[in-house]
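A.B. asks: You'll find protein-v8.txt just under this line, and it carries compact mmCIF, C-alpha atoms.
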# COMPACT_ATOMS: atom_id res chain seq x y z
CA MET A 1 -0.23 42.11 26.01
CA LYS A 2 -0.62 39.55 28.76
CA ARG A 3 -3.79 38.26 27.12
CA MET A 4 -1.91 37.84 23.82
CA HIS A 5 0.89 35.91 25.52
CA THR A 6 -1.68 33.64 27.14
CA ALA A 7 -3.36 32.95 23.80
CA LEU A 8 -0.04 32.23 22.11
CA GLY A 9 0.95 29.92 24.96
CA ALA A 10 -2.28 27.98 24.64
CA LEU A 11 -1.78 27.67 20.88
CA PHE A 12 1.76 26.37 21.37
CA ALA A 13 0.62 23.86 23.97
CA ALA A 14 -2.14 22.61 21.68
CA SER A 15 0.43 22.00 18.94
CA LEU A 16 2.16 19.51 21.24
CA ILE A 17 -0.91 17.34 21.70
CA PRO A 18 -0.56 14.28 19.39
CA GLY A 19 -2.90 14.48 16.41
CA LEU A 20 -4.28 17.92 17.21
CA ALA A 21 -1.73 19.81 15.16
CA HIS A 22 -2.61 17.60 12.16
CA ALA A 23 -6.36 17.63 12.65
CA ASN A 24 -8.34 17.78 9.42
CA PRO A 25 -11.51 19.80 9.88
CA GLY A 26 -14.41 18.16 8.08
CA ALA A 27 -12.81 14.71 7.92
CA LEU A 28 -14.91 11.75 9.00
CA GLU A 29 -13.16 9.80 11.76
CA ILE A 30 -12.54 6.05 11.77
CA ASN A 31 -11.39 4.33 14.96
CA GLN A 32 -11.71 1.04 16.79
CA ASP A 33 -14.44 2.36 19.11
CA CYS A 34 -16.78 3.69 16.42
CA VAL A 35 -16.56 0.47 14.38
CA ALA A 36 -18.87 -1.21 16.91
CA VAL A 37 -21.73 1.18 16.13
CA GLY A 38 -20.85 2.39 12.62
CA CYS A 39 -18.45 5.27 12.13
CA PHE A 40 -20.68 7.44 9.91
CA ALA A 41 -23.80 7.34 7.78
CA GLY A 42 -23.79 4.35 5.45
CA ASP A 43 -21.36 2.33 7.57
CA ALA A 44 -23.03 -0.60 9.33
CA PRO A 45 -21.79 -1.67 12.79
CA GLY A 46 -18.75 -3.94 12.79
CA PHE A 47 -16.09 -4.63 10.18
CA PRO A 48 -15.65 -3.80 7.40
CA VAL A 49 -15.71 -0.04 7.69
CA THR A 50 -17.62 0.81 4.50
CA ILE A 51 -16.86 4.08 2.72
CA ALA A 52 -19.70 4.75 0.30
CA GLN A 53 -19.54 8.54 -0.02
CA PRO A 54 -16.79 10.77 -1.44
CA GLY A 55 -14.87 12.79 1.12
CA THR A 56 -11.94 12.81 3.51
CA TYR A 57 -11.60 10.05 6.11
CA LEU A 58 -9.12 10.05 9.00
CA LEU A 59 -8.01 7.18 11.24
CA THR A 60 -7.80 8.30 14.84
CA SER A 61 -6.67 4.92 16.24
CA ASP A 62 -5.22 1.65 15.03
CA LEU A 63 -7.76 -0.77 13.56
CA ALA A 64 -7.73 -4.47 14.40
CA PRO A 65 -10.51 -6.78 13.16
CA PRO A 66 -10.96 -10.10 14.99
CA GLY A 67 -7.89 -12.24 14.42
CA ASP A 68 -9.81 -15.21 13.03
CA SER A 69 -12.02 -13.08 10.82
CA SER A 70 -12.42 -13.38 7.05
CA ILE A 71 -13.94 -9.90 6.99
CA ASN A 72 -12.04 -7.01 5.41
CA SER A 73 -11.05 -3.98 7.48
CA ILE A 74 -11.85 -1.05 5.20
CA GLU A 75 -13.76 -1.15 1.91
CA VAL A 76 -13.77 1.88 -0.39
CA GLY A 77 -16.67 1.64 -2.81
CA VAL A 78 -16.75 5.07 -4.44
CA SER A 79 -14.41 7.56 -6.15
CA GLY A 80 -13.29 10.80 -4.60
CA VAL A 81 -12.05 9.33 -1.32
CA ASP A 82 -9.02 10.57 0.60
CA LEU A 83 -8.18 7.98 3.27
CA ASP A 84 -5.54 9.29 5.68
CA LEU A 85 -4.26 6.58 8.02
CA ASN A 86 -2.79 9.39 10.13
CA GLY A 87 0.21 7.34 11.23
CA HIS A 88 -1.92 4.43 12.44
CA THR A 89 -1.85 0.73 11.56
CA VAL A 90 -4.58 -1.39 10.02
CA ASP A 91 -3.63 -4.71 11.62
CA GLY A 92 -4.83 -8.16 10.55
CA GLY A 93 -2.95 -9.90 13.35
CA ALA A 94 -0.62 -12.22 11.41
CA THR A 95 3.12 -12.38 11.95
CA CYS A 96 5.83 -13.59 9.60
CA SER A 97 9.36 -14.86 10.16
CA GLY A 98 12.48 -14.99 8.02
CA ASN A 99 14.16 -12.49 5.71
CA PRO A 100 13.05 -13.14 3.05
CA VAL A 101 9.89 -14.46 4.67
CA THR A 102 9.60 -18.23 4.98
CA THR A 103 6.48 -18.72 7.14
CA CYS A 104 3.55 -16.71 8.51
CA ALA A 105 1.21 -17.49 11.38
CA ASN A 106 -2.39 -16.49 12.16
CA PHE A 107 -3.42 -15.68 8.61
CA ALA A 108 -7.17 -15.36 8.22
CA GLY A 109 -9.04 -14.74 4.96
CA SER A 110 -9.34 -11.01 5.43
CA ARG A 111 -7.95 -8.09 3.45
CA GLY A 112 -6.69 -4.78 4.78
CA ILE A 113 -7.89 -1.96 2.52
CA VAL A 114 -9.99 -2.85 -0.52
CA LEU A 115 -11.03 -0.69 -3.47
CA GLN A 116 -14.12 -2.33 -4.90
CA SER A 117 -17.19 -0.69 -6.37
CA PRO A 118 -20.47 -2.62 -5.98
CA ILE A 119 -21.17 -1.87 -9.65
CA ASN A 120 -17.59 -2.64 -10.73
CA ALA A 121 -17.01 0.98 -11.69
CA ALA A 122 -13.45 2.24 -11.58
CA ILE A 123 -12.48 4.04 -8.37
CA VAL A 124 -10.13 6.98 -7.91
CA ALA A 125 -8.84 7.16 -4.34
CA HIS A 126 -5.88 8.37 -2.27
CA VAL A 127 -4.65 6.15 0.56
CA HIS A 128 -1.68 7.37 2.56
CA ASN A 129 0.33 7.90 5.73
CA GLY A 130 0.26 4.68 7.76
CA SER A 131 0.77 0.93 7.88
CA VAL A 132 -1.13 -2.15 6.71
CA ARG A 133 0.04 -5.47 8.13
CA GLY A 134 -0.88 -9.06 8.83
CA PHE A 135 -3.68 -9.84 6.31
CA GLY A 136 -4.09 -13.27 4.79
CA ASN A 137 -5.71 -12.17 1.53
CA GLY A 138 -3.66 -9.08 0.82
CA GLY A 139 -2.85 -5.80 2.52
CA LEU A 140 -3.98 -3.49 -0.29
CA VAL A 141 -6.35 -5.01 -2.87
CA MET A 142 -7.82 -3.19 -5.86
CA PHE A 143 -10.72 -4.70 -7.75
CA ALA A 144 -11.60 -1.46 -9.54
CA ALA A 145 -8.98 1.27 -9.74
CA SER A 146 -8.57 4.03 -12.30
CA ASP A 147 -6.17 6.76 -13.33
CA GLY A 148 -5.44 9.04 -10.43
CA THR A 149 -5.46 6.40 -7.69
CA LEU A 150 -2.47 7.03 -5.43
CA PHE A 151 -0.90 5.12 -2.54
CA ASP A 152 1.88 6.97 -0.75
CA HIS A 153 3.84 7.04 2.49
CA LEU A 154 2.69 3.55 3.44
CA THR A 155 4.40 0.58 5.08
CA VAL A 156 2.87 -2.68 3.85
CA THR A 157 4.27 -5.66 5.73
CA GLU A 158 3.68 -9.27 6.80
CA ASN A 159 0.67 -9.80 4.52
CA SER A 160 0.16 -12.58 1.98
CA PHE A 161 0.46 -10.19 -0.97
CA GLY A 162 1.47 -6.68 -0.01
CA MET A 163 -0.49 -5.05 -2.85
CA LEU A 164 -2.62 -6.95 -5.37
CA LEU A 165 -4.10 -5.16 -8.39
CA VAL A 166 -6.65 -7.51 -9.91
CA GLY A 167 -8.89 -5.05 -11.74
CA SER A 168 -8.88 -1.58 -13.25
CA SER A 169 -10.37 0.49 -16.00
CA PRO A 170 -8.63 -0.22 -19.33
CA ASN A 171 -5.00 0.94 -19.36
CA ALA A 172 -5.45 2.74 -16.04
CA THR A 173 -2.31 3.64 -14.11
CA THR A 174 -2.24 3.30 -10.34
CA ARG A 175 0.56 5.19 -8.63
CA ILE A 176 2.70 4.05 -5.68
CA ARG A 177 5.06 6.60 -4.16
CA ASP A 178 7.38 6.84 -1.14
CA SER A 179 6.26 3.52 0.37
CA GLN A 180 7.77 0.34 1.77
CA PHE A 181 6.77 -3.24 0.96
CA VAL A 182 8.53 -5.37 3.54
CA ARG A 183 8.52 -9.10 4.30
CA ASN A 184 5.24 -10.12 2.67
CA LEU A 185 4.68 -13.85 2.14
CA PHE A 186 4.30 -13.65 -1.65
CA ASP A 187 4.98 -10.64 -3.90
CA GLY A 188 5.52 -7.20 -2.46
CA ALA A 189 3.26 -5.63 -5.11
CA THR A 190 1.84 -7.39 -8.16
CA VAL A 191 -0.43 -6.72 -11.13
CA ALA A 192 -2.71 -9.63 -11.96
CA ASN A 193 -4.63 -7.84 -14.72
CA ALA A 194 -2.82 -7.31 -18.02
CA GLY A 195 -4.84 -4.15 -18.67
CA ALA A 196 -3.63 -2.43 -15.50
CA ARG A 197 -0.42 -0.48 -15.02
CA LEU A 198 1.61 0.73 -12.07
CA LEU A 199 3.78 3.81 -11.75
CA VAL A 200 6.09 3.04 -8.82
CA GLU A 201 8.35 5.80 -7.51
CA ASN A 202 10.88 6.16 -4.68
CA SER A 203 9.76 3.03 -2.85
CA SER A 204 11.58 0.08 -1.29
CA PHE A 205 10.95 -3.66 -1.53
CA THR A 206 12.70 -5.79 1.06
CA GLY A 207 12.47 -9.38 2.30
CA ASN A 208 9.38 -10.43 0.35
CA SER A 209 9.44 -14.17 -0.25
CA GLN A 210 8.68 -14.07 -3.99
CA ASP A 211 9.00 -11.26 -6.56
CA ALA A 212 9.40 -7.86 -4.97
CA LEU A 213 7.50 -6.05 -7.74
CA ALA A 214 5.62 -7.76 -10.59
CA LEU A 215 4.48 -5.42 -13.36
CA SER A 216 2.45 -5.54 -16.57
CA THR A 217 2.92 -3.85 -19.93
CA GLY A 218 3.07 -0.07 -19.77
CA SER A 219 4.22 0.07 -16.16
CA VAL A 220 7.01 2.38 -15.00
CA ALA A 221 9.42 2.02 -12.06
CA VAL A 222 11.64 4.96 -11.10
CA GLY A 223 13.94 5.50 -8.14
CA ASN A 224 13.12 2.30 -6.25
CA ARG A 225 15.28 0.01 -4.14
CA PHE A 226 15.18 -3.80 -4.07
CA ASN A 227 17.02 -6.12 -1.70
CA ASP A 228 16.82 -9.51 0.02
CA ASN A 229 13.72 -10.70 -1.83
CA GLY A 230 13.25 -14.43 -2.38
CA ALA A 231 12.79 -14.22 -6.16
CA LEU A 232 13.24 -11.41 -8.68
CA GLY A 233 13.66 -7.85 -7.60
CA LEU A 234 11.50 -6.73 -10.52
CA GLN A 235 9.44 -8.93 -12.84
CA CYS A 236 8.09 -7.65 -16.16
CA GLY A 237 8.68 -10.78 -18.23
CA GLY A 238 6.97 -10.87 -21.62
CA SER A 239 5.90 -7.25 -21.21
CA THR A 240 7.20 -3.75 -21.91
CA CYS A 241 8.23 -1.69 -18.89
CA ALA A 242 10.18 1.53 -18.40
CA LEU A 243 12.87 1.60 -15.70
CA GLY A 244 15.06 4.39 -14.41
CA GLN A 245 17.23 5.15 -11.38
CA ASN A 246 16.39 1.85 -9.63
CA THR A 247 18.92 0.17 -7.35
CA PHE A 248 19.05 -3.60 -6.97
CA MET A 249 21.00 -3.90 -3.74
CA GLY A 250 21.63 -7.64 -3.99
CA ASN A 251 20.49 -10.98 -2.60
CA ASN A 252 17.32 -11.02 -4.68
CA GLY A 253 16.75 -14.68 -5.45
CA GLY A 254 20.25 -15.44 -4.31
CA GLY A 255 22.40 -13.45 -6.71
CA ALA A 256 23.00 -11.44 -9.87
CA ALA A 257 20.89 -13.59 -12.18
CA ALA A 258 17.74 -12.87 -10.19
CA GLN A 259 17.80 -9.10 -10.11
CA LEU A 260 15.20 -8.41 -12.80
CA ASN A 261 13.39 -9.87 -15.79
CA VAL A 262 11.95 -7.50 -18.39
CA GLY A 263 10.54 -8.57 -21.75
CA THR A 264 11.08 -5.25 -23.54
CA LEU A 265 12.97 -2.60 -21.60
CA ARG A 266 12.44 1.11 -22.06
CA ASP A 267 15.66 2.20 -20.40
CA MET A 268 15.40 5.59 -18.72
CA GLY A 269 18.96 5.28 -17.41
CA GLY A 270 20.63 5.12 -14.04
CA ASN A 271 19.65 1.58 -13.01
CA VAL A 272 22.27 -0.12 -10.83
CA CYS A 273 22.66 -3.79 -9.90
CA MET A 274 25.10 -4.16 -7.01
CA ASP A 275 25.63 -7.88 -7.79
CA ASP A 276 25.90 -7.39 -11.55
CA GLY A 277 27.72 -4.61 -13.35
CA THR A 278 25.74 -5.21 -16.57
CA CYS A 279 22.43 -3.99 -15.11
CA PRO A 280 20.67 -1.90 -17.79
Do you think you could lay out the structure here as structure tokens?
C.D. replies:
Amino acid sequence: MKRMHTALGALFAASLIPGLAHANPGALEINQDCVAVGCFAGDAPGFPVTIAQPGTYLLTSDLAPPGDSSINSIEVGVSGVDLDLNGHTVDGGATCSGNPVTTCANFAGSRGIVLQSPINAAIVAHVHNGSVRGFGNGGLVMFAASDGTLFDHLTVTENSFGMLLVGSSPNATTRIRDSQFVRNLFDGATVANAGARLLVENSSFTGNSQDALALSTGSVAVGNRFNDNGALGLQCGGSTCALGQNTFMGNNGGGAAAQLNVGTLRDMGGNVCMDDGTCP
């Protein structure tokens, strides 16, 4: 009995050690120390950390590339990647002021996390559970994303663009869920490719200097919150978007007229504009 109590005590004590209780057996670790020598096979020393094999990858420290660097932090070049930030921050070093943001300092040309296949093939990846901040060319950038790509439980803040979707397989839908896009210099999240779509759920967009969320045809936004953004809360002008259960808290672009712009609305119901009782 005493031996059992000792074993149980050791197990309980181990559960209190930060990170140990959430360890992911088989995951390949990424941390600031291993970057200098290459974190795993296929990753050359230095930034960016290059993920070229499917699998599970786990941050075990914050990542901070050189502040004046134009090199990206993490590049995902293959499908089948689960990238768990494990509560850590990928930090580009810039800081922004104002709410909504008016100026940012120490922007370099780097990006935070990039999805880009060397053969321009569409990538399916899962990025989650941490923060991306301070990057001059975008916090999350997708050059090749496909159906099934998911970003969730992220805080994306003080970047130029929070998320920028510039490429995808035709009519692919990238999903954002349970995340925050806060005080980015331009849009919080934006689609720059008319063939790409976003499904955005239960996320918040606050203090971004331009549009909080800019969508393309076929995109869907459900259960999100928008406030204190410099321009529109939601932009889908000239396109068809479906909206439901979104709350426009106010002060987007200075008042009721700047809450949202949708070319053709597929109204799923329950949208509320605090500054304008006619919100669809």
A.B. asks: When distances are computed from all atoms listed in the file, which of A:Pro48, A:Gly134, A:Gly55, A:Gly207 shows the smallest separation from Val78 in chain A?
C.D. replies: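 Smallest separation from Val78 in chain A among the options: A:Gly55.
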A.B. asks: Around all listed atoms of range 26-45 of chain A, padded 6 Å per side, what centre and edge lengths does the axis-aligned box have in Å to one decimal, as AutoDock Vina command-line options?
C.D. replies:
--center_x -17.6 --center_y 8.2 --center_z 12.3 --size_x 24.4 --size_y 31.8 --size_z 25.7
A.B. asks: For range 61-71 of chain A, list every protein, DNA or RNA residue within 7 Å, evaluated using only C-alpha atoms, and leave out those in the same chain fewer than 4 positions away; present the list as a count of residues only.
C.D. replies: 13
A.B. asks: Tell me which protein, DNA and RNA residues are within 9 Å of Gln245 in chain A, counting all atoms listed in the file, leaving out same-chain ones fewer than 6 positions away, and put them as a list in words.
C.D. replies: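 After dropping sequence-adjacent residues, the list is Ala221, Val222, Gly223, Asn224, Met268, Gly269, Gly270, Asn271 and Val272 of chain A.
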A.B. asks: Identify which of the residues A:Gly253, A:Pro280, A:Gly138, A:Gly218 lies closest to Gly233 in chain A, counting only C-alpha atoms when measuring atom-to-atom distances.
C.D. replies: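 Going through A:Gly253, A:Pro280, A:Gly138, A:Gly218 one by one, the smallest distance to Gly233 in chain A is for A:Gly253.
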A.B. asks: Identify, on the basis of all atoms listed in the file, every residue whose closest approach to Thr102 in chain A does not exceed 10 Å; exclude the query and any residue fewer than 2 positions from it along the same chain; express the result as a VMD selection string.
C.D. replies: chain A and resid 96 to 100 104 183 to 186 207 to 210 230
A.B. asks: Starting from the point (6.8, -8.8, -13.2), work out which residues of protein, DNA or RNA have an atom no more than 12 Å away when counting only C-alpha atoms; state them as a tab-separated table (two decimals) with C-alpha atoms, keeping the file's coordinate frame.
C.D. replies:
chain	number	residue	atom	x	y	z
A	187	ASP	CA	4.98	-10.64	-3.90
A	188	GLY	CA	5.52	-7.20	-2.46
A	189	ALA	CA	3.26	-5.63	-5.11
A	190	THR	CA	1.84	-7.39	-8.16
A	191	VAL	CA	-0.43	-6.72	-11.13
A	192	ALA	CA	-2.71	-9.63	-11.96
A	193	ASN	CA	-4.63	-7.84	-14.72
A	194	ALA	CA	-2.82	-7.31	-18.02
A	197	ARG	CA	-0.42	-0.48	-15.02
A	198	LEU	CA	1.61	0.73	-12.07
A	210	GLN	CA	8.68	-14.07	-3.99
A	211	ASP	CA	9.00	-11.26	-6.56
A	212	ALA	CA	9.40	-7.86	-4.97
A	213	LEU	CA	7.50	-6.05	-7.74
A	214	ALA	CA	5.62	-7.76	-10.59
A	215	LEU	CA	4.48	-5.42	-13.36
A	216	SER	CA	2.45	-5.54	-16.57
A	217	THR	CA	2.92	-3.85	-19.93
A	218	GLY	CA	3.07	-0.07	-19.77
A	219	SER	CA	4.22	0.07	-16.16
A	220	VAL	CA	7.01	2.38	-15.00
A	221	ALA	CA	9.42	2.02	-12.06
A	231	ALA	CA	12.79	-14.22	-6.16
A	232	LEU	CA	13.24	-11.41	-8.68
A	233	GLY	CA	13.66	-7.85	-7.60
A	234	LEU	CA	11.50	-6.73	-10.52
A	235	GLN	CA	9.44	-8.93	-12.84
A	236	CYS	CA	8.09	-7.65	-16.16
A	237	GLY	CA	8.68	-10.78	-18.23
A	238	GLY	CA	6.97	-10.87	-21.62
A	239	SER	CA	5.90	-7.25	-21.21
A	240	THR	CA	7.20	-3.75	-21.91
A	241	CYS	CA	8.23	-1.69	-18.89
A	259	GLN	CA	17.80	-9.10	-10.11
A	260	LEU	CA	15.20	-8.41	-12.80
A	261	ASN	CA	13.39	-9.87	-15.79
A	262	VAL	CA	11.95	-7.50	-18.39
A	263	GLY	CA	10.54	-8.57	-21.75
A	264	THR	CA	11.08	-5.25	-23.54
A.B. asks: Grab the CA of Pro25 in chain A to CA of Val37 in chain A distance for me, in Å with one decimal place.
C.D. replies: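 Computing the Euclidean distance for CA of Pro25 in chain A and CA of Val37 in chain A yields 22.1 Å.
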A.B. asks: Please report the interatomic distance between CA of Ile113 in chain A and CA of Ala41 in chain A in Å with one decimal.
C.D. replies: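 So the two atoms, CA of Ile113 in chain A and CA of Ala41 in chain A, lie 19.2 Å apart.
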A.B. asks: Which residue, A:Pro118, A:Gly167, A:Gly195, A:Gly148, has the smallest gap to Val81 in chain A when you use all atoms listed in the file?
C.D. replies: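 Closest to Val81 in chain A of all the choices is A:Gly148.
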A.B. asks: From the options A:Val101, A:Leu265, A:Ala94, A:Val127, which residue's atoms come nearest to Tyr57 in chain A, counting all atoms listed in the file?
C.D. replies: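 Going through A:Val101, A:Leu265, A:Ala94, A:Val127 one by one, the smallest distance to Tyr57 in chain A is for A:Val127.
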A.B. asks: Restricting the calculation to all atoms listed in the file, which member of A:Thr157, A:Ser203, A:Ser146, A:Ser117 is positioned closest to Asn171 in chain A?
C.D. replies: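 For Asn171 in chain A, the nearest of the candidates is A:Ser146.
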A.B. asks: In Å, how far is it from CA of Phe151 in chain A to CA of Ala36 in chain A?
C.D. replies: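 Computing it gives 27.2 Å between the two atoms.
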A.B. asks: Since the input lacks some atoms of range 93-127 of chain A, please model N, CA and C atoms and print them as a PDB file, in the frame of the given file.
C.D. replies:
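Dumped everything to rebuild_29.pdb:
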ATOM      1  N   GLY A  93      -3.309  -9.009  12.266  1.00  0.00           N
ATOM      2  CA  GLY A  93      -2.950  -9.900  13.350  1.00  0.00           C
ATOM      3  C   GLY A  93      -1.950 -10.995  13.024  1.00  0.00           C
ATOM      4  N   ALA A  94      -1.589 -11.180  11.747  1.00  0.00           N
ATOM      5  CA  ALA A  94      -0.620 -12.220  11.410  1.00  0.00           C
ATOM      6  C   ALA A  94       0.804 -11.736  11.656  1.00  0.00           C
ATOM      7  N   THR A  95       1.697 -12.685  11.829  1.00  0.00           N
ATOM      8  CA  THR A  95       3.120 -12.380  11.950  1.00  0.00           C
ATOM      9  C   THR A  95       3.902 -13.307  11.033  1.00  0.00           C
ATOM     10  N   CYS A  96       5.012 -12.807  10.518  1.00  0.00           N
ATOM     11  CA  CYS A  96       5.830 -13.590   9.600  1.00  0.00           C
ATOM     12  C   CYS A  96       7.268 -13.640  10.112  1.00  0.00           C
ATOM     13  N   SER A  97       7.966 -14.697   9.732  1.00  0.00           N
ATOM     14  CA  SER A  97       9.360 -14.860  10.160  1.00  0.00           C
ATOM     15  C   SER A  97      10.232 -15.129   8.937  1.00  0.00           C
ATOM     16  N   GLY A  98      11.505 -14.808   9.090  1.00  0.00           N
ATOM     17  CA  GLY A  98      12.480 -14.990   8.020  1.00  0.00           C
ATOM     18  C   GLY A  98      12.679 -13.723   7.217  1.00  0.00           C
ATOM     19  N   ASN A  99      13.845 -13.614   6.577  1.00  0.00           N
ATOM     20  CA  ASN A  99      14.160 -12.490   5.710  1.00  0.00           C
ATOM     21  C   ASN A  99      15.046 -12.987   4.555  1.00  0.00           C
ATOM     22  N   PRO A 100      14.464 -13.300   3.394  1.00  0.00           N
ATOM     23  CA  PRO A 100      13.050 -13.140   3.050  1.00  0.00           C
ATOM     24  C   PRO A 100      12.150 -14.076   3.854  1.00  0.00           C
ATOM     25  N   VAL A 101      10.872 -13.728   3.867  1.00  0.00           N
ATOM     26  CA  VAL A 101       9.890 -14.460   4.670  1.00  0.00           C
ATOM     27  C   VAL A 101       9.843 -15.928   4.250  1.00  0.00           C
ATOM     28  N   THR A 102       9.760 -16.808   5.247  1.00  0.00           N
ATOM     29  CA  THR A 102       9.600 -18.230   4.980  1.00  0.00           C
ATOM     30  C   THR A 102       8.259 -18.767   5.480  1.00  0.00           C
ATOM     31  N   THR A 103       7.756 -18.249   6.601  1.00  0.00           N
ATOM     32  CA  THR A 103       6.480 -18.720   7.140  1.00  0.00           C
ATOM     33  C   THR A 103       5.732 -17.551   7.786  1.00  0.00           C
ATOM     34  N   CYS A 104       4.396 -17.685   7.812  1.00  0.00           N
ATOM     35  CA  CYS A 104       3.550 -16.710   8.510  1.00  0.00           C
ATOM     36  C   CYS A 104       2.539 -17.460   9.349  1.00  0.00           C
ATOM     37  N   ALA A 105       2.170 -16.875  10.467  1.00  0.00           N
ATOM     38  CA  ALA A 105       1.210 -17.490  11.380  1.00  0.00           C
ATOM     39  C   ALA A 105       0.013 -16.571  11.579  1.00  0.00           C
ATOM     40  N   ASN A 106      -1.138 -17.203  11.831  1.00  0.00           N
ATOM     41  CA  ASN A 106      -2.390 -16.490  12.160  1.00  0.00           C
ATOM     42  C   ASN A 106      -2.997 -15.761  10.988  1.00  0.00           C
ATOM     43  N   PHE A 107      -2.731 -16.243   9.764  1.00  0.00           N
ATOM     44  CA  PHE A 107      -3.420 -15.680   8.610  1.00  0.00           C
ATOM     45  C   PHE A 107      -4.877 -16.074   8.628  1.00  0.00           C
ATOM     46  N   ALA A 108      -5.766 -15.093   8.481  1.00  0.00           N
ATOM     47  CA  ALA A 108      -7.170 -15.360   8.220  1.00  0.00           C
ATOM     48  C   ALA A 108      -7.454 -14.961   6.772  1.00  0.00           C
ATOM     49  N   GLY A 109      -8.709 -15.020   6.351  1.00  0.00           N
ATOM     50  CA  GLY A 109      -9.040 -14.740   4.960  1.00  0.00           C
ATOM     51  C   GLY A 109      -9.336 -13.287   4.677  1.00  0.00           C
ATOM     52  N   SER A 110      -8.956 -12.415   5.565  1.00  0.00           N
ATOM     53  CA  SER A 110      -9.340 -11.010   5.430  1.00  0.00           C
ATOM     54  C   SER A 110      -8.348 -10.229   4.580  1.00  0.00           C
ATOM     55  N   ARG A 111      -8.789  -9.051   4.162  1.00  0.00           N
ATOM     56  CA  ARG A 111      -7.950  -8.090   3.450  1.00  0.00           C
ATOM     57  C   ARG A 111      -7.891  -6.808   4.267  1.00  0.00           C
ATOM     58  N   GLY A 112      -6.844  -6.019   4.037  1.00  0.00           N
ATOM     59  CA  GLY A 112      -6.690  -4.780   4.780  1.00  0.00           C
ATOM     60  C   GLY A 112      -7.571  -3.676   4.238  1.00  0.00           C
ATOM     61  N   ILE A 113      -7.138  -3.047   3.158  1.00  0.00           N
ATOM     62  CA  ILE A 113      -7.890  -1.960   2.520  1.00  0.00           C
ATOM     63  C   ILE A 113      -8.217  -2.398   1.099  1.00  0.00           C
ATOM     64  N   VAL A 114      -9.501  -2.345   0.765  1.00  0.00           N
ATOM     65  CA  VAL A 114      -9.990  -2.850  -0.520  1.00  0.00           C
ATOM     66  C   VAL A 114     -10.670  -1.732  -1.288  1.00  0.00           C
ATOM     67  N   LEU A 115     -10.317  -1.587  -2.560  1.00  0.00           N
ATOM     68  CA  LEU A 115     -11.030  -0.690  -3.470  1.00  0.00           C
ATOM     69  C   LEU A 115     -11.910  -1.559  -4.361  1.00  0.00           C
ATOM     70  N   GLN A 116     -13.199  -1.481  -4.145  1.00  0.00           N
ATOM     71  CA  GLN A 116     -14.120  -2.330  -4.900  1.00  0.00           C
ATOM     72  C   GLN A 116     -15.488  -1.677  -4.980  1.00  0.00           C
ATOM     73  N   SER A 117     -15.883  -1.281  -6.179  1.00  0.00           N
ATOM     74  CA  SER A 117     -17.190  -0.690  -6.370  1.00  0.00           C
ATOM     75  C   SER A 117     -18.243  -1.785  -6.484  1.00  0.00           C
ATOM     76  N   PRO A 118     -19.412  -1.610  -5.859  1.00  0.00           N
ATOM     77  CA  PRO A 118     -20.470  -2.620  -5.980  1.00  0.00           C
ATOM     78  C   PRO A 118     -20.991  -2.772  -7.401  1.00  0.00           C
ATOM     79  N   ILE A 119     -20.745  -1.768  -8.254  1.00  0.00           N
ATOM     80  CA  ILE A 119     -21.170  -1.870  -9.650  1.00  0.00           C
ATOM     81  C   ILE A 119     -19.968  -2.041 -10.577  1.00  0.00           C
ATOM     82  N   ASN A 120     -18.822  -2.405  -9.990  1.00  0.00           N
ATOM     83  CA  ASN A 120     -17.590  -2.640 -10.730  1.00  0.00           C
ATOM     84  C   ASN A 120     -17.118  -1.423 -11.523  1.00  0.00           C
ATOM     85  N   ALA A 121     -17.503  -0.235 -11.071  1.00  0.00           N
ATOM     86  CA  ALA A 121     -17.010   0.980 -11.690  1.00  0.00           C
ATOM     87  C   ALA A 121     -15.615   1.292 -11.158  1.00  0.00           C
ATOM     88  N   ALA A 122     -14.805   1.910 -11.993  1.00  0.00           N
ATOM     89  CA  ALA A 122     -13.450   2.240 -11.580  1.00  0.00           C
ATOM     90  C   ALA A 122     -13.469   3.297 -10.481  1.00  0.00           C
ATOM     91  N   ILE A 123     -12.549   3.151  -9.534  1.00  0.00           N
ATOM     92  CA  ILE A 123     -12.480   4.040  -8.370  1.00  0.00           C
ATOM     93  C   ILE A 123     -11.188   4.847  -8.425  1.00  0.00           C
ATOM     94  N   VAL A 124     -11.299   6.125  -8.107  1.00  0.00           N
ATOM     95  CA  VAL A 124     -10.130   6.980  -7.910  1.00  0.00           C
ATOM     96  C   VAL A 124     -10.063   7.321  -6.434  1.00  0.00           C
ATOM     97  N   ALA A 125      -8.966   6.931  -5.775  1.00  0.00           N
ATOM     98  CA  ALA A 125      -8.840   7.160  -4.340  1.00  0.00           C
ATOM     99  C   ALA A 125      -7.393   7.476  -3.995  1.00  0.00           C
ATOM    100  N   HIS A 126      -7.211   8.063  -2.809  1.00  0.00           N
ATOM    101  CA  HIS A 126      -5.880   8.370  -2.270  1.00  0.00           C
ATOM    102  C   HIS A 126      -5.792   7.757  -0.887  1.00  0.00           C
ATOM    103  N   VAL A 127      -4.861   6.820  -0.722  1.00  0.00           N
ATOM    104  CA  VAL A 127      -4.650   6.150   0.560  1.00  0.00           C
ATOM    105  C   VAL A 127      -3.216   6.426   0.984  1.00  0.00           C
TER     106      VAL A 127
END
